[in-house]
Amino acid sequence: MASPTLMIAARLGLDVPEAEAAEPSEGATTALSLYLAVQDDGRVVTTLPRTEMGQGITTAVAMLVAEELDLALDKVDVRSADADPRWVIQLTGLSSTMRFLTGPLRAAAAEARARLITAAALRWRVLAHTLTTSHGVVSAPDGRQAGYGELAEDAARVLLPAVSTQPRPVSRFKLVGQPTGRIDARDIVTGAARYALDLDIPEALPTVVARPPTLRGTVQSVDDASARTMPGVVAVVPLGTGVAVVARTFGQALAARAALRITWTPGPASALSDADIQARLRDGIGPRPLPPLFTTRTLEGRFDFPYLAHAAMETQSCTARVQGEQAEVWLGAQDPKYAQREVARAGASLAGITAPPFPPWSSPTASVTPSPRWPARSCPRSPARSSSRSPRSSPTASDG
């Protein structure tokens, strides 16, 4: 990757905030700031402190940046930001992502464009307002041109932009508002997209979990004698809400899980059926309201919508690596900071945890400092790889 030679930071907010140049740093996501970096190869990288879950925010973010910078869409790279309690919101939901990020993104990109124009004006000794931008290039009236990459280093040293740093009016939009293909679609449909289970972690041990057949059910008793003697089995670990099986291969782990004899304690809603829920909803509607006076015709209809699982379509999975006092976890998480807290509940302190909200096919990392409450396990401290169909995966093992 090319090094960032111009970096712009914009404070997060729902309006259009001010942006300013920032020094490149090892950790590009500090408290409440959104970063945009122009690389020396002309590509632009921006941070995304939310999770791409198929709703298209990666493409939308790239479109906003490309719009303000007069840049081709395929020249913008969107990178997930590390999970950090200092981010105001990292939960992806409530249709809030674009409302929350549009202002800062536009401000950062507009600031970058103004600095690039100013850098070119100083280099050519011309008036900045006579220069134009298009397709990642600054052009002068006499035909001289310079790419963003070759101007980025000079732009980072600009003290005061010579042209406006305000985002352009909507009436001048060329890309935003136009039908646009998703920038990640080809990778998804061709298999190039990477999931947590695609990570090649040396000595990773496949792990699957037997889950209760009812919501919030618990393990009453488990007979794992047969499972422990099966080929490749490394450990069988009761979890309270399930039983984890660690083995050398996923096939061995799945076979051993099938050999477990578990008695489950039903969850609190185990006796509730779809018919019960529909009956309660019908009863809750109340009496039919009277139509307004002089109504000559009324229409009445009842529509029943089934409960739909809010679950990922891909195989929910995660990979965990524990080395000394550090743990790394890769998983698709709608709320990376919640994942941090769940890892912390396993016995680690919140300090030092960094889990970026990667899309489901490129999952977050959590660095954890264990506390004395880190639970003892009968399996060795090798990386665990787990596969899941449940949207509620644990950081170290989950449904297979």
# chains A, B, ... in the order shown; residues from 1 in each chain; ligands from 1
>>> closest_atom_pairs(of="stretch 159-254 of chain A", to="stretch 113-134 of chain A", cutoff="6 Å", atoms="only C-alpha atoms", output="JSON lines")
{"residue": "A:Pro161", "atom": "CA", "partner": "A:Arg115", "partner_atom": "CA", "distance": 5.3}
{"residue": "A:Ala162", "atom": "CA", "partner": "A:Thr118", "partner_atom": "CA", "distance": 5.6}
{"residue": "A:Val163", "atom": "CA", "partner": "A:Ala114", "partner_atom": "CA", "distance": 5.8}
{"residue": "A:Thr165", "atom": "CA", "partner": "A:Ala114", "partner_atom": "CA", "distance": 5.6}
>>> select_by_dssp(residues="stretch 178-363 of chain A", states="strand (DSSP E or B)", output="ChimeraX atom specification")
/A:205-210,218-223,233-238,243-247,261-265,316-323,326-331,348-349
>>> closest_residue(among="A:Arg99, A:His135, A:Arg11, A:Arg345", to="A:Trp87", atoms="only C-alpha atoms")
A:Arg11
>>> residues_around(residues="A:Tyr148", least_positions_apart="4", cutoff="7 Å", atoms="only C-alpha atoms", output="PyMOL selection string")
chain A and resi 42+116+136-137+152
>>> residues_around(residues="A:Pro213", least_positions_apart="5", cutoff="12 Å", atoms="only C-alpha atoms", output="ChimeraX atom specification")
/A:218-219,241-242,262-267,269-270,390,399
>>> select_by_dssp(residues="stretch 58-230 of chain A", states="alpha helix (DSSP H)", output="PyMOL selection string")
chain A and resi 58-69+97-124+148-156+185-190+225-228
>>> atom_distance(atom1="atom CA of A:Leu215", atom2="atom CA of A:Val245")
20.6 Å
>>> closest_residue(among="A:Ala108, A:Glu314, A:Met53, A:Asp200", to="A:Asp184", atoms="only C-alpha atoms")
A:Met53
>>> residues_around(residues="stretch 69-75 of chain A", least_positions_apart="6", cutoff="12 Å", atoms="only C-alpha atoms", output="NGL selection string")
:A and (36-39 or 41-46 or 58-63 or 105-117 or 132-139 or 147-149 or 165-168 or 172-176 or 180-184)
>>> write_last_selection(atoms="C-alpha atoms", output="PDB file, in the first residue's frame")
ATOM      1  CA  LEU A  36      -9.403  10.586   4.837  1.00  0.00           C
ATOM      2  CA  ALA A  37      -5.939   9.970   3.388  1.00  0.00           C
ATOM      3  CA  VAL A  38      -4.637  10.767  -0.111  1.00  0.00           C
ATOM      4  CA  GLN A  39      -1.910   8.254  -0.996  1.00  0.00           C
ATOM      5  CA  ASP A  41      -0.226   6.760  -5.822  1.00  0.00           C
ATOM      6  CA  GLY A  42      -3.338   8.931  -6.141  1.00  0.00           C
ATOM      7  CA  ARG A  43      -5.710   6.568  -4.340  1.00  0.00           C
ATOM      8  CA  VAL A  44      -7.827   7.837  -1.458  1.00  0.00           C
ATOM      9  CA  VAL A  45      -8.479   5.837   1.702  1.00  0.00           C
ATOM     10  CA  THR A  46     -11.238   6.706   4.149  1.00  0.00           C
ATOM     11  CA  THR A  58     -19.282   1.043   1.711  1.00  0.00           C
ATOM     12  CA  THR A  59     -20.342   2.138  -1.754  1.00  0.00           C
ATOM     13  CA  ALA A  60     -22.198   5.183  -0.408  1.00  0.00           C
ATOM     14  CA  VAL A  61     -19.141   6.359   1.537  1.00  0.00           C
ATOM     15  CA  ALA A  62     -16.925   5.924  -1.521  1.00  0.00           C
ATOM     16  CA  MET A  63     -19.430   7.870  -3.657  1.00  0.00           C
ATOM     17  CA  LEU A 105     -17.019  12.740   4.878  1.00  0.00           C
ATOM     18  CA  ARG A 106     -17.966  15.629   2.620  1.00  0.00           C
ATOM     19  CA  ALA A 107     -16.078  18.101   4.814  1.00  0.00           C
ATOM     20  CA  ALA A 108     -12.908  15.997   4.798  1.00  0.00           C
ATOM     21  CA  ALA A 109     -13.016  15.401   1.045  1.00  0.00           C
ATOM     22  CA  ALA A 110     -13.707  19.074   0.281  1.00  0.00           C
ATOM     23  CA  GLU A 111     -10.804  20.121   2.499  1.00  0.00           C
ATOM     24  CA  ALA A 112      -8.510  17.672   0.706  1.00  0.00           C
ATOM     25  CA  ARG A 113      -9.547  19.001  -2.719  1.00  0.00           C
ATOM     26  CA  ALA A 114      -8.934  22.615  -1.651  1.00  0.00           C
ATOM     27  CA  ARG A 115      -5.467  21.756  -0.387  1.00  0.00           C
ATOM     28  CA  LEU A 116      -4.574  19.858  -3.546  1.00  0.00           C
ATOM     29  CA  ILE A 117      -5.644  22.815  -5.696  1.00  0.00           C
ATOM     30  CA  THR A 132      -9.983  22.807 -12.016  1.00  0.00           C
ATOM     31  CA  THR A 133     -10.139  19.187 -10.914  1.00  0.00           C
ATOM     32  CA  SER A 134     -11.332  16.110 -12.755  1.00  0.00           C
ATOM     33  CA  HIS A 135     -10.669  12.363 -12.451  1.00  0.00           C
ATOM     34  CA  GLY A 136      -8.015  12.832  -9.770  1.00  0.00           C
ATOM     35  CA  VAL A 137      -6.073  15.479 -11.675  1.00  0.00           C
ATOM     36  CA  VAL A 138      -5.615  19.233 -11.109  1.00  0.00           C
ATOM     37  CA  SER A 139      -5.496  21.180 -14.395  1.00  0.00           C
ATOM     38  CA  GLY A 147      -2.251  14.045 -10.280  1.00  0.00           C
ATOM     39  CA  TYR A 148      -3.444  14.013  -6.688  1.00  0.00           C
ATOM     40  CA  GLY A 149      -0.694  11.576  -5.744  1.00  0.00           C
ATOM     41  CA  THR A 165     -13.161  24.271   1.650  1.00  0.00           C
ATOM     42  CA  GLN A 166     -16.964  24.055   1.706  1.00  0.00           C
ATOM     43  CA  PRO A 167     -18.570  20.970   0.160  1.00  0.00           C
ATOM     44  CA  ARG A 168     -20.120  21.575  -3.229  1.00  0.00           C
ATOM     45  CA  ARG A 172     -23.426  20.225  -8.757  1.00  0.00           C
ATOM     46  CA  PHE A 173     -23.423  16.522  -7.882  1.00  0.00           C
ATOM     47  CA  LYS A 174     -22.316  14.311 -10.761  1.00  0.00           C
ATOM     48  CA  LEU A 175     -22.057  10.900  -9.059  1.00  0.00           C
ATOM     49  CA  VAL A 176     -24.241  10.966  -5.953  1.00  0.00           C
ATOM     50  CA  THR A 180     -24.165   3.071  -9.324  1.00  0.00           C
ATOM     51  CA  GLY A 181     -23.024  -0.528  -8.973  1.00  0.00           C
ATOM     52  CA  ARG A 182     -21.720  -1.657  -5.607  1.00  0.00           C
ATOM     53  CA  ILE A 183     -17.948  -1.542  -5.315  1.00  0.00           C
ATOM     54  CA  ASP A 184     -17.871  -4.845  -3.408  1.00  0.00           C
TER      55      ASP A 184
END
>>> residues_around(residues="stretch 222-230 of chain A", least_positions_apart="5", cutoff="8 Å", atoms="only C-alpha atoms", output="compact mmCIF listing (two decimals) with all heavy atoms, in the first residue's frame")
# COMPACT_ATOMS: atom_id res chain seq x y z
N ALA A 235 -10.77 -31.10 23.03
CA ALA A 235 -11.42 -30.73 24.28
C ALA A 235 -12.91 -30.64 24.08
O ALA A 235 -13.40 -30.39 22.98
CB ALA A 235 -10.88 -29.40 24.80
N VAL A 236 -13.66 -30.85 25.16
CA VAL A 236 -15.10 -30.61 25.23
C VAL A 236 -15.31 -29.66 26.40
O VAL A 236 -14.93 -29.97 27.54
CB VAL A 236 -15.90 -31.90 25.43
CG1 VAL A 236 -17.39 -31.58 25.55
CG2 VAL A 236 -15.65 -32.87 24.27
N GLN A 252 -14.16 -33.62 12.29
CA GLN A 252 -14.04 -34.29 13.57
C GLN A 252 -14.83 -33.57 14.66
O GLN A 252 -15.47 -34.20 15.51
CB GLN A 252 -12.57 -34.39 13.97
CG GLN A 252 -11.76 -35.31 13.06
CD GLN A 252 -10.26 -35.20 13.29
OE1 GLN A 252 -9.77 -34.19 13.81
NE2 GLN A 252 -9.52 -36.24 12.91
N ALA A 256 -18.00 -35.22 16.69
CA ALA A 256 -17.98 -35.32 18.15
C ALA A 256 -19.17 -34.57 18.76
O ALA A 256 -19.74 -35.03 19.76
CB ALA A 256 -16.67 -34.77 18.68
N ARG A 257 -19.53 -33.47 18.19
CA ARG A 257 -20.69 -32.74 18.71
C ARG A 257 -21.96 -33.58 18.58
O ARG A 257 -22.81 -33.60 19.48
CB ARG A 257 -20.87 -31.42 17.97
CG ARG A 257 -21.97 -30.55 18.57
CD ARG A 257 -22.18 -29.27 17.81
NE ARG A 257 -22.69 -29.50 16.46
CZ ARG A 257 -23.09 -28.54 15.64
NH1 ARG A 257 -23.00 -27.27 16.03
NH2 ARG A 257 -23.52 -28.82 14.44
N ALA A 259 -22.12 -36.68 18.84
CA ALA A 259 -22.06 -37.77 19.81
C ALA A 259 -22.37 -37.32 21.23
O ALA A 259 -22.50 -38.17 22.13
CB ALA A 259 -20.67 -38.42 19.77
N LEU A 260 -22.47 -36.03 21.46
CA LEU A 260 -22.79 -35.54 22.80
C LEU A 260 -24.22 -35.91 23.18
O LEU A 260 -25.14 -35.85 22.36
CB LEU A 260 -22.65 -34.01 22.87
CG LEU A 260 -21.25 -33.44 22.68
CD1 LEU A 260 -21.32 -31.92 22.59
CD2 LEU A 260 -20.33 -33.86 23.83
N ARG A 261 -24.42 -36.30 24.44
CA ARG A 261 -25.77 -36.55 24.96
C ARG A 261 -26.06 -35.46 25.99
O ARG A 261 -25.53 -35.49 27.10
CB ARG A 261 -25.87 -37.95 25.55
CG ARG A 261 -25.86 -39.05 24.49
CD ARG A 261 -26.21 -40.40 25.07
NE ARG A 261 -25.11 -40.95 25.83
CZ ARG A 261 -24.15 -41.72 25.33
NH1 ARG A 261 -24.17 -42.00 24.04
NH2 ARG A 261 -23.19 -42.19 26.09
N ILE A 262 -26.89 -34.51 25.58
CA ILE A 262 -27.13 -33.32 26.39
C ILE A 262 -28.59 -33.26 26.82
O ILE A 262 -29.49 -33.49 26.01
CB ILE A 262 -26.78 -32.03 25.61
CG1 ILE A 262 -25.35 -32.08 25.09
CG2 ILE A 262 -26.99 -30.79 26.48
CD1 ILE A 262 -24.99 -30.93 24.17
N THR A 263 -28.80 -32.97 28.09
CA THR A 263 -30.14 -32.69 28.59
C THR A 263 -30.26 -31.18 28.77
O THR A 263 -29.44 -30.56 29.47
CB THR A 263 -30.40 -33.39 29.94
OG1 THR A 263 -30.23 -34.80 29.77
CG2 THR A 263 -31.80 -33.09 30.44
>>> closest_residue(among="A:Arg216, A:Leu159, A:Gly232, A:Gly240", to="A:Pro268", atoms="only C-alpha atoms")
A:Arg216
